[in-house]
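K.L.:
Dropping in target_3.txt, with compact mmCIF, C-alpha atoms and all ligand atoms.
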# COMPACT_ATOMS: atom_id res chain seq x y z
CA MET A 8 0.00 0.00 0.00
CA ALA A 9 1.28 3.43 -0.88
CA THR A 10 2.03 5.79 1.96
CA ALA A 11 2.10 9.56 2.34
CA PRO A 12 1.96 11.79 5.39
CA LEU A 13 -1.62 12.13 6.61
CA GLU A 14 -1.26 15.91 6.59
CA ASP A 15 -0.38 15.74 2.87
CA GLN A 16 -3.43 13.57 2.26
CA ARG A 17 -5.60 16.15 4.01
CA ARG A 18 -4.07 18.98 2.02
CA LEU A 19 -4.87 16.97 -1.10
CA LEU A 20 -8.54 17.76 -0.39
CA ASP A 21 -7.74 21.47 -0.73
CA VAL A 22 -6.09 20.77 -4.08
CA GLN A 23 -9.14 18.75 -5.06
CA ALA A 24 -11.47 21.62 -4.13
CA LEU A 25 -9.50 23.99 -6.36
CA ASP A 26 -9.42 21.48 -9.22
CA THR A 27 -13.16 20.98 -8.88
CA ARG A 28 -13.66 24.73 -9.00
CA VAL A 29 -11.58 24.98 -12.20
CA GLN A 30 -13.59 22.14 -13.71
CA GLN A 31 -16.83 23.97 -12.91
CA LEU A 32 -15.45 27.18 -14.42
CA ALA A 33 -14.37 25.33 -17.57
CA HIS A 34 -17.89 23.92 -17.80
CA GLN A 35 -19.34 27.43 -17.39
CA ARG A 36 -16.96 28.70 -20.06
CA LYS A 37 -18.23 26.13 -22.55
CA ASN A 38 -21.86 26.73 -21.64
CA LEU A 39 -22.13 30.51 -21.46
CA PRO A 40 -25.69 31.57 -22.36
CA ALA A 41 -24.13 33.91 -24.94
CA LEU A 42 -22.81 30.88 -26.87
CA ALA A 43 -26.28 29.39 -27.32
CA ARG A 44 -27.56 32.79 -28.41
CA LEU A 45 -24.72 33.11 -30.94
CA THR A 46 -25.56 29.72 -32.42
CA GLU A 47 -29.18 30.81 -32.72
CA LEU A 48 -28.21 34.16 -34.30
CA ASP A 49 -25.85 32.46 -36.76
CA GLY A 50 -28.72 30.18 -37.78
CA ARG A 51 -31.02 33.14 -38.34
CA ILE A 52 -28.36 35.04 -40.30
CA ALA A 53 -27.78 31.96 -42.48
CA ASP A 54 -31.53 31.60 -43.02
CA LEU A 55 -31.76 35.21 -44.14
CA ARG A 56 -28.70 34.91 -46.39
CA ALA A 57 -30.58 33.23 -49.28
CA SER A 58 -33.31 35.89 -49.29
CA LEU A 59 -30.72 38.62 -49.09
CA VAL A 60 -28.70 37.28 -52.03
CA GLU A 61 -31.84 36.69 -54.10
CA SER A 62 -33.20 40.15 -53.33
CA ARG A 63 -29.89 41.88 -54.13
CA THR A 64 -29.62 39.99 -57.43
CA ARG A 65 -33.19 40.89 -58.31
CA VAL A 66 -32.61 44.59 -57.66
CA ALA A 67 -29.33 44.59 -59.63
CA ASP A 68 -31.08 42.89 -62.58
CA LEU A 69 -33.92 45.43 -62.51
CA ARG A 70 -31.47 48.35 -62.33
CA ARG A 71 -29.81 47.03 -65.48
CA GLU A 72 -33.20 46.55 -67.09
CA LEU A 73 -34.11 50.15 -66.23
CA THR A 74 -30.89 51.51 -67.73
CA LYS A 75 -31.69 49.62 -70.92
CA ALA A 76 -35.29 50.90 -70.99
CA GLU A 77 -34.10 54.50 -70.39
CA SER A 78 -31.59 54.22 -73.21
CA ASP A 79 -34.26 52.83 -75.55
CA VAL A 80 -36.48 55.83 -74.84
CA GLU A 81 -33.52 58.20 -75.23
CA GLN A 82 -32.64 56.82 -78.66
CA VAL A 83 -36.16 57.29 -79.98
CA ARG A 84 -36.36 60.77 -78.47
CA ASN A 85 -33.05 61.80 -80.09
CA ARG A 86 -34.20 60.52 -83.41
CA ALA A 87 -37.45 62.47 -83.12
CA ASP A 88 -35.53 65.61 -82.09
CA ARG A 89 -33.34 65.32 -85.15
CA ASP A 90 -36.36 64.83 -87.43
CA GLN A 91 -38.15 67.74 -85.82
CA LYS A 92 -35.15 70.03 -86.32
CA ARG A 93 -34.87 69.10 -89.97
CA LEU A 94 -38.55 69.75 -90.41
CA ASP A 95 -38.35 73.07 -88.55
CA SER A 96 -35.32 74.19 -90.55
CA GLY A 97 -37.54 74.53 -93.61
CA GLY A 98 -34.73 73.13 -95.76
CA VAL A 99 -36.61 69.96 -96.81
CA GLY A 100 -38.87 69.47 -99.78
CA ALA A 101 -42.60 68.72 -99.51
CA LYS A 102 -42.11 65.00 -100.08
CA ASP A 103 -39.44 64.72 -97.43
CA ALA A 104 -41.58 66.80 -95.10
CA VAL A 105 -44.40 64.26 -95.39
CA ALA A 106 -42.02 61.37 -94.80
CA LEU A 107 -40.56 63.11 -91.75
CA THR A 108 -44.00 63.87 -90.35
CA ASP A 109 -44.98 60.19 -90.76
CA GLU A 110 -41.82 59.08 -89.06
CA LEU A 111 -42.35 61.55 -86.20
CA ARG A 112 -45.80 60.12 -85.65
CA SER A 113 -44.53 56.56 -85.53
CA LEU A 114 -41.59 57.61 -83.30
CA ALA A 115 -44.05 59.23 -80.89
CA ALA A 116 -46.04 55.99 -80.70
CA ARG A 117 -42.83 54.00 -80.21
CA GLN A 118 -41.65 56.38 -77.49
CA ALA A 119 -44.97 56.09 -75.65
CA ALA A 120 -44.74 52.29 -75.73
CA LEU A 121 -41.12 52.35 -74.52
CA GLU A 122 -41.97 54.80 -71.75
CA GLU A 123 -44.63 52.40 -70.57
CA VAL A 124 -42.02 49.64 -70.41
CA GLU A 125 -39.72 52.02 -68.53
CA LEU A 126 -42.44 52.90 -66.07
CA ASP A 127 -43.24 49.24 -65.49
CA VAL A 128 -39.58 48.47 -64.76
CA MET A 129 -39.38 51.48 -62.42
CA GLU A 130 -42.39 50.26 -60.49
CA ARG A 131 -41.04 46.74 -60.16
CA LEU A 132 -37.62 48.08 -59.17
CA GLU A 133 -39.19 50.26 -56.49
CA ALA A 134 -41.12 47.31 -55.04
CA HIS A 135 -37.99 45.13 -55.00
CA GLU A 136 -35.86 47.90 -53.50
CA GLU A 137 -38.38 48.19 -50.70
CA ALA A 138 -38.32 44.42 -50.14
CA LEU A 139 -34.52 44.47 -50.19
CA SER A 140 -34.30 47.28 -47.65
CA THR A 141 -36.58 45.28 -45.32
CA VAL A 142 -34.32 42.22 -45.61
CA GLU A 143 -31.19 44.39 -45.26
CA ALA A 144 -32.61 45.98 -42.11
CA ALA A 145 -33.45 42.59 -40.59
CA ASN A 146 -29.98 41.34 -41.46
CA GLY A 147 -28.38 44.48 -40.05
CA GLU A 148 -30.22 44.00 -36.76
CA LEU A 149 -29.08 40.40 -36.52
CA VAL A 150 -25.47 41.33 -37.30
CA ALA A 151 -25.53 44.11 -34.69
CA GLU A 152 -27.08 41.76 -32.13
CA LYS A 153 -24.41 39.19 -32.92
CA ALA A 154 -21.64 41.73 -32.31
CA LYS A 155 -23.25 42.64 -28.98
CA VAL A 156 -23.55 39.00 -27.89
CA GLU A 157 -19.96 38.31 -29.01
CA ALA A 158 -18.83 41.13 -26.74
CA GLU A 159 -20.86 39.58 -23.90
CA ARG A 160 -19.27 36.22 -24.58
CA ASP A 161 -15.77 37.71 -24.59
CA ALA A 162 -16.45 39.55 -21.33
CA GLY A 163 -17.79 36.32 -19.79
CA TRP A 164 -14.77 34.38 -20.94
CA ALA A 165 -12.37 37.03 -19.68
CA GLU A 166 -14.02 36.96 -16.25
CA ILE A 167 -13.87 33.16 -16.04
CA ASP A 168 -10.29 33.09 -17.33
CA ALA A 169 -9.25 35.56 -14.63
CA GLN A 170 -10.81 33.28 -11.99
CA ILE A 171 -9.12 30.21 -13.45
CA GLN A 172 -5.81 32.04 -13.45
CA ALA A 173 -6.25 33.10 -9.83
CA ILE A 174 -7.06 29.52 -8.83
CA ALA A 175 -3.98 28.27 -10.70
CA GLY A 176 -1.89 30.44 -8.40
CA GLU A 177 -3.65 29.10 -5.31
CA ARG A 178 -3.29 25.56 -6.54
CA ALA A 179 0.44 25.92 -7.11
CA LYS A 180 0.74 26.96 -3.46
CA ALA A 181 -1.58 24.18 -2.26
CA VAL A 182 0.35 21.48 -4.09
CA ASP A 183 3.79 22.87 -3.20
CA GLY A 184 5.72 20.47 -0.99
CA LEU A 185 3.13 17.69 -1.13
CA ASP A 186 4.33 14.09 -1.41
CA ALA A 187 5.13 13.74 -5.13
CA ALA A 188 3.96 10.12 -5.44
CA LEU A 189 0.68 11.03 -3.75
CA VAL A 190 0.12 13.90 -6.20
CA THR A 191 0.96 11.66 -9.17
CA LEU A 192 -1.51 9.02 -7.96
CA TYR A 193 -4.13 11.69 -7.40
CA GLU A 194 -3.67 13.10 -10.92
CA LYS A 195 -3.97 9.65 -12.45
CA ILE A 196 -7.19 8.85 -10.60
CA ARG A 197 -8.56 12.32 -11.24
CA VAL A 198 -8.27 11.81 -15.00
CA GLN A 199 -9.85 8.35 -14.79
CA GLN A 200 -12.67 9.47 -12.51
CA GLY A 201 -13.90 12.55 -14.33
CA GLY A 202 -12.19 15.16 -12.21
CA THR A 203 -12.24 13.80 -8.67
CA GLY A 204 -9.14 11.95 -7.52
CA ALA A 205 -9.43 12.35 -3.77
CA ALA A 206 -12.47 12.30 -1.53
CA LEU A 207 -13.26 12.66 2.11
CA LEU A 208 -14.21 9.59 4.09
CA ASN A 209 -17.39 11.05 5.49
CA GLY A 210 -18.57 8.78 8.29
CA ASN A 211 -19.09 5.44 6.51
CA ARG A 212 -19.36 7.07 3.15
CA CYS A 213 -16.98 7.88 0.32
CA ASP A 214 -17.69 11.48 -0.67
CA GLY A 215 -16.38 10.68 -4.16
CA CYS A 216 -18.92 8.06 -5.24
CA ARG A 217 -21.34 8.66 -2.33
CA MET A 218 -21.47 4.97 -1.52
CA ASP A 219 -21.46 3.60 2.02
CA LEU A 220 -18.45 1.41 2.51
CA PRO A 221 -18.94 -2.20 3.58
CA PRO A 222 -18.09 -2.76 7.30
CA ALA A 223 -15.17 -4.99 6.41
CA ASP A 224 -13.58 -2.24 4.28
CA LEU A 225 -14.23 0.31 7.00
CA ALA A 226 -12.54 -1.90 9.54
CA THR A 227 -9.50 -2.26 7.27
CA ILE A 228 -9.34 1.50 6.70
CA ARG A 229 -9.68 2.31 10.38
CA SER A 230 -6.94 -0.08 11.30
CA ALA A 231 -4.63 1.22 8.58
CA ALA A 232 -1.63 3.32 9.58
CA PRO A 233 -2.26 7.11 9.42
CA ASP A 234 0.16 7.48 6.51
CA ALA A 235 -1.38 4.62 4.52
CA VAL A 236 -3.01 5.92 1.34
CA VAL A 237 -6.37 4.16 1.38
CA ARG A 238 -8.65 3.90 -1.62
CA CYS A 239 -12.39 3.48 -1.99
CA GLU A 240 -13.15 -0.08 -3.10
CA GLU A 241 -16.07 1.21 -5.15
CA CYS A 242 -14.57 4.07 -7.14
CA GLY A 243 -10.85 3.74 -6.52
CA ARG A 244 -10.45 7.31 -5.29
CA ILE A 245 -8.05 8.23 -2.52
CA LEU A 246 -10.07 8.27 0.69
CA VAL A 247 -8.90 10.95 3.07
CA ARG A 248 -9.54 10.48 6.75
CA VAL A 249 -10.17 13.73 8.56
CA ALA A 250 -10.71 13.88 12.30
CA GLY A 251 -14.19 15.09 13.14
CA ALA A 252 -15.61 14.36 9.68
CA LYS A 253 -18.44 12.15 10.79
CA THR A 254 -21.92 12.51 9.37
CA GLY A 255 -21.64 15.70 7.32
CA ALA A 256 -23.62 14.45 4.34
CA ALA A 257 -27.14 13.13 4.80
CA ALA A 258 -27.84 9.64 3.51
CA GLY A 259 -29.39 9.35 0.06
ZN ZN B 301 -15.87 5.96 -3.68
What is this file in structure tokens?
P.N.:
Amino acid sequence: MATAPLEDQRRLLDVQALDTRVQQLAHQRKNLPALARLTELDGRIADLRASLVESRTRVADLRRELTKAESDVEQVRNRADRDQKRLDSGGVGAKDAVALTDELRSLAARQAALEEVELDVMERLEAHEEALSTVEAANGELVAEKAKVEAERDAGWAEIDAQIQAIAGERAKAVDGLDAALVTLYEKIRVQQGGTGAALLNGNRCDGCRMDLPPADLATIRSAAPDAVVRCEECGRILVRVAGAKTGAAAG
């Protein structure tokens, strides 16, 4: 059976308390409420992404369509202006004047039709720009909210990290000078047992696994030398005997 000074065994419980605290803080760090909210926000931003891309594409297409419609109208208008100037100059013969007048009439009809197309595109563009600005606004709100929650997360992490760092300092002091083999054994069991390597023998109970020890085991433990490192038969943890630790924990 391994041995270590009883005082070292008792101090191991202080180390254990600090390690448990760090484990709780690490758990908190991984489960900050801000993290769940960020996952939710990322999901909503991703959901909105498709609408945003579609809406932006639609508006860009309509802007191009409008430019084309405006240029079509412009061409016809320029042509009509030229015809009108020639006609007004008085320098054309009667036959040409008739031809120009006919053309002006048909250009006017063409311009009216093209202006209707232009108007239709403008109306559709306006509707889509409005839809886009709604989606952009919703997206902007989500992005701003995300930045806010990220800052909350970072502040939460920084606070926890400062606590972990402070505990690391305390732990270094707590473990300083302890029996090296005892610490090594403790570390090994701690890894195997999900974070708890040493537990108080609390009356008849192991505080690690919360099982009552069989009378035969208890008798062995009680008769063991003070510096004997005793282990719980159930969970294998180092059982630390502390004077006065009797029935601290209620049964169940
Ligand atoms: Zn146990």
K.L.:
Here's a test: counting all atoms listed in the file, identify every protein, DNA and RNA residue with an atom at most 10 Å from (-18.1, 4.8, 3.1) in the file's coordinate frame, and state them as a list of chain:residue names.
P.N.:
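Residues lying no farther than 10 Å from the given point: A:Leu207, A:Leu208, A:Asn209, A:Gly210, A:Asn211, A:Arg212, A:Cys213, A:Asp214, A:Gly215, A:Cys216, A:Arg217, A:Met218, A:Asp219, A:Leu220, A:Pro221, A:Pro222, A:Asp224, A:Leu225, A:Cys239, A:Glu240, A:Glu241, A:Leu246.
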K.L.:
Of the candidates A:Leu32, A:Leu39, A:Ala205, A:Ala223, which shows the shortest atom-to-atom distance to Cys242 (chain A), using only C-alpha atoms?
P.N.:
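Counting only C-alpha atoms, the residue closest to Cys242 (chain A) is A:Ala205.
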K.L.:
Suppose you want the space between CA of Ala41 (chain A) and CA of Asp161 (chain A); what is it in Å?
P.N.:
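About the pair CA of Ala41 (chain A) and CA of Asp161 (chain A): they are 9.2 Å apart.
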K.L.:
Just to confirm, what's the straight-line distance from CA of Leu192 (chain A) to CA of Gly243 (chain A) in Å (one decimal)?
P.N.:
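It comes out at 10.8 Å.
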K.L.:
Extract, using only C-alpha atoms, all DNA, RNA and protein residues at most 10 Å from Arg65 (chain A), discarding same-chain residues fewer than 6 positions from it, and format them as an NGL selection string.
P.N.:
:A and (59 or 131-132 or 135-136 or 139)
K.L.:
Find, counting all atoms listed in the file, the residue in A:Gly204, A:Gly176, A:Gly184, A:Gly163 that gets nearest to ligand ZN 301 (chain B).
P.N.:
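The shortest atom-to-atom distance to ligand ZN 301 (chain B) comes from A:Gly204.
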K.L.:
CA of Asp49 (chain A) and CA of Glu152 (chain A), how far apart in Å?
P.N.:
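The value is 10.5 Å.
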K.L.:
Is it possible to get the axis-aligned box enclosing region 142-155 of chain A (all listed atoms, 5 Å extra per side) as JSON, with centre and edge lengths in Å rounded to one decimal?
P.N.:
{"center_x": -28.0, "center_y": 42.6, "center_z": -37.3, "size_x": 22.7, "size_y": 16.8, "size_z": 26.6}
K.L.:
Since the input is missing atoms for region 145-156 of chain A, could you rebuild it with all heavy atoms and give the result as a PDB file, in the coordinates of the input?
P.N.:
ATOM      1  N   ALA A 145     -33.377  43.761 -41.475  1.00  0.00           N
ATOM      2  CA  ALA A 145     -33.450  42.590 -40.590  1.00  0.00           C
ATOM      3  C   ALA A 145     -32.065  41.987 -40.416  1.00  0.00           C
ATOM      4  O   ALA A 145     -31.651  41.635 -39.302  1.00  0.00           O
ATOM      5  CB  ALA A 145     -34.418  41.560 -41.176  1.00  0.00           C
ATOM      6  N   ASN A 146     -31.334  41.895 -41.515  1.00  0.00           N
ATOM      7  CA  ASN A 146     -29.980  41.340 -41.460  1.00  0.00           C
ATOM      8  C   ASN A 146     -29.058  42.226 -40.612  1.00  0.00           C
ATOM      9  O   ASN A 146     -28.285  41.726 -39.798  1.00  0.00           O
ATOM     10  CB  ASN A 146     -29.433  41.211 -42.887  1.00  0.00           C
ATOM     11  CG  ASN A 146     -28.078  40.538 -42.923  1.00  0.00           C
ATOM     12  OD1 ASN A 146     -27.962  39.377 -42.566  1.00  0.00           O
ATOM     13  ND2 ASN A 146     -27.054  41.265 -43.328  1.00  0.00           N
ATOM     14  N   GLY A 147     -29.195  43.542 -40.824  1.00  0.00           N
ATOM     15  CA  GLY A 147     -28.380  44.480 -40.050  1.00  0.00           C
ATOM     16  C   GLY A 147     -28.621  44.352 -38.557  1.00  0.00           C
ATOM     17  O   GLY A 147     -27.684  44.391 -37.761  1.00  0.00           O
ATOM     18  N   GLU A 148     -29.889  44.169 -38.185  1.00  0.00           N
ATOM     19  CA  GLU A 148     -30.220  44.000 -36.760  1.00  0.00           C
ATOM     20  C   GLU A 148     -29.576  42.742 -36.203  1.00  0.00           C
ATOM     21  O   GLU A 148     -29.030  42.752 -35.096  1.00  0.00           O
ATOM     22  CB  GLU A 148     -31.738  43.897 -36.588  1.00  0.00           C
ATOM     23  CG  GLU A 148     -32.418  45.235 -36.344  1.00  0.00           C
ATOM     24  CD  GLU A 148     -33.932  45.101 -36.328  1.00  0.00           C
ATOM     25  OE1 GLU A 148     -34.444  44.136 -35.732  1.00  0.00           O
ATOM     26  OE2 GLU A 148     -34.592  45.967 -36.935  1.00  0.00           O
ATOM     27  N   LEU A 149     -29.660  41.665 -36.980  1.00  0.00           N
ATOM     28  CA  LEU A 149     -29.080  40.400 -36.520  1.00  0.00           C
ATOM     29  C   LEU A 149     -27.565  40.514 -36.371  1.00  0.00           C
ATOM     30  O   LEU A 149     -26.981  40.023 -35.402  1.00  0.00           O
ATOM     31  CB  LEU A 149     -29.419  39.259 -37.493  1.00  0.00           C
ATOM     32  CG  LEU A 149     -30.874  38.786 -37.494  1.00  0.00           C
ATOM     33  CD1 LEU A 149     -31.092  37.740 -38.584  1.00  0.00           C
ATOM     34  CD2 LEU A 149     -31.269  38.194 -36.143  1.00  0.00           C
ATOM     35  N   VAL A 150     -26.929  41.176 -37.337  1.00  0.00           N
ATOM     36  CA  VAL A 150     -25.470  41.330 -37.300  1.00  0.00           C
ATOM     37  C   VAL A 150     -25.045  42.187 -36.101  1.00  0.00           C
ATOM     38  O   VAL A 150     -24.078  41.869 -35.402  1.00  0.00           O
ATOM     39  CB  VAL A 150     -24.950  41.916 -38.640  1.00  0.00           C
ATOM     40  CG1 VAL A 150     -23.495  42.337 -38.537  1.00  0.00           C
ATOM     41  CG2 VAL A 150     -25.125  40.890 -39.769  1.00  0.00           C
ATOM     42  N   ALA A 151     -25.830  43.248 -35.840  1.00  0.00           N
ATOM     43  CA  ALA A 151     -25.530  44.110 -34.690  1.00  0.00           C
ATOM     44  C   ALA A 151     -25.722  43.348 -33.382  1.00  0.00           C
ATOM     45  O   ALA A 151     -24.908  43.441 -32.458  1.00  0.00           O
ATOM     46  CB  ALA A 151     -26.420  45.343 -34.724  1.00  0.00           C
ATOM     47  N   GLU A 152     -26.808  42.572 -33.323  1.00  0.00           N
ATOM     48  CA  GLU A 152     -27.080  41.760 -32.130  1.00  0.00           C
ATOM     49  C   GLU A 152     -25.954  40.749 -31.918  1.00  0.00           C
ATOM     50  O   GLU A 152     -25.495  40.528 -30.800  1.00  0.00           O
ATOM     51  CB  GLU A 152     -28.439  41.045 -32.317  1.00  0.00           C
ATOM     52  CG  GLU A 152     -28.836  40.089 -31.198  1.00  0.00           C
ATOM     53  CD  GLU A 152     -29.233  40.777 -29.905  1.00  0.00           C
ATOM     54  OE1 GLU A 152     -29.326  42.020 -29.898  1.00  0.00           O
ATOM     55  OE2 GLU A 152     -29.422  40.075 -28.898  1.00  0.00           O
ATOM     56  N   LYS A 153     -25.498  40.173 -33.017  1.00  0.00           N
ATOM     57  CA  LYS A 153     -24.410  39.190 -32.920  1.00  0.00           C
ATOM     58  C   LYS A 153     -23.154  39.835 -32.341  1.00  0.00           C
ATOM     59  O   LYS A 153     -22.501  39.253 -31.472  1.00  0.00           O
ATOM     60  CB  LYS A 153     -24.121  38.590 -34.307  1.00  0.00           C
ATOM     61  CG  LYS A 153     -23.090  37.488 -34.256  1.00  0.00           C
ATOM     62  CD  LYS A 153     -22.771  36.907 -35.632  1.00  0.00           C
ATOM     63  CE  LYS A 153     -21.542  36.030 -35.534  1.00  0.00           C
ATOM     64  NZ  LYS A 153     -21.176  35.406 -36.795  1.00  0.00           N
ATOM     65  N   ALA A 154     -22.829  41.032 -32.818  1.00  0.00           N
ATOM     66  CA  ALA A 154     -21.640  41.730 -32.310  1.00  0.00           C
ATOM     67  C   ALA A 154     -21.778  42.002 -30.811  1.00  0.00           C
ATOM     68  O   ALA A 154     -20.825  41.867 -30.040  1.00  0.00           O
ATOM     69  CB  ALA A 154     -21.435  43.042 -33.075  1.00  0.00           C
ATOM     70  N   LYS A 155     -23.000  42.360 -30.401  1.00  0.00           N
ATOM     71  CA  LYS A 155     -23.250  42.640 -28.980  1.00  0.00           C
ATOM     72  C   LYS A 155     -23.056  41.367 -28.144  1.00  0.00           C
ATOM     73  O   LYS A 155     -22.409  41.395 -27.089  1.00  0.00           O
ATOM     74  CB  LYS A 155     -24.696  43.157 -28.843  1.00  0.00           C
ATOM     75  CG  LYS A 155     -24.931  44.002 -27.609  1.00  0.00           C
ATOM     76  CD  LYS A 155     -26.380  44.441 -27.512  1.00  0.00           C
ATOM     77  CE  LYS A 155     -27.133  43.538 -26.546  1.00  0.00           C
ATOM     78  NZ  LYS A 155     -28.585  43.738 -26.573  1.00  0.00           N
ATOM     79  N   VAL A 156     -23.628  40.266 -28.638  1.00  0.00           N
ATOM     80  CA  VAL A 156     -23.550  39.000 -27.890  1.00  0.00           C
ATOM     81  C   VAL A 156     -22.106  38.475 -27.891  1.00  0.00           C
ATOM     82  O   VAL A 156     -21.654  37.897 -26.903  1.00  0.00           O
ATOM     83  CB  VAL A 156     -24.537  37.958 -28.473  1.00  0.00           C
ATOM     84  CG1 VAL A 156     -24.408  36.626 -27.748  1.00  0.00           C
ATOM     85  CG2 VAL A 156     -25.973  38.470 -28.348  1.00  0.00           C
TER      86      VAL A 156
END
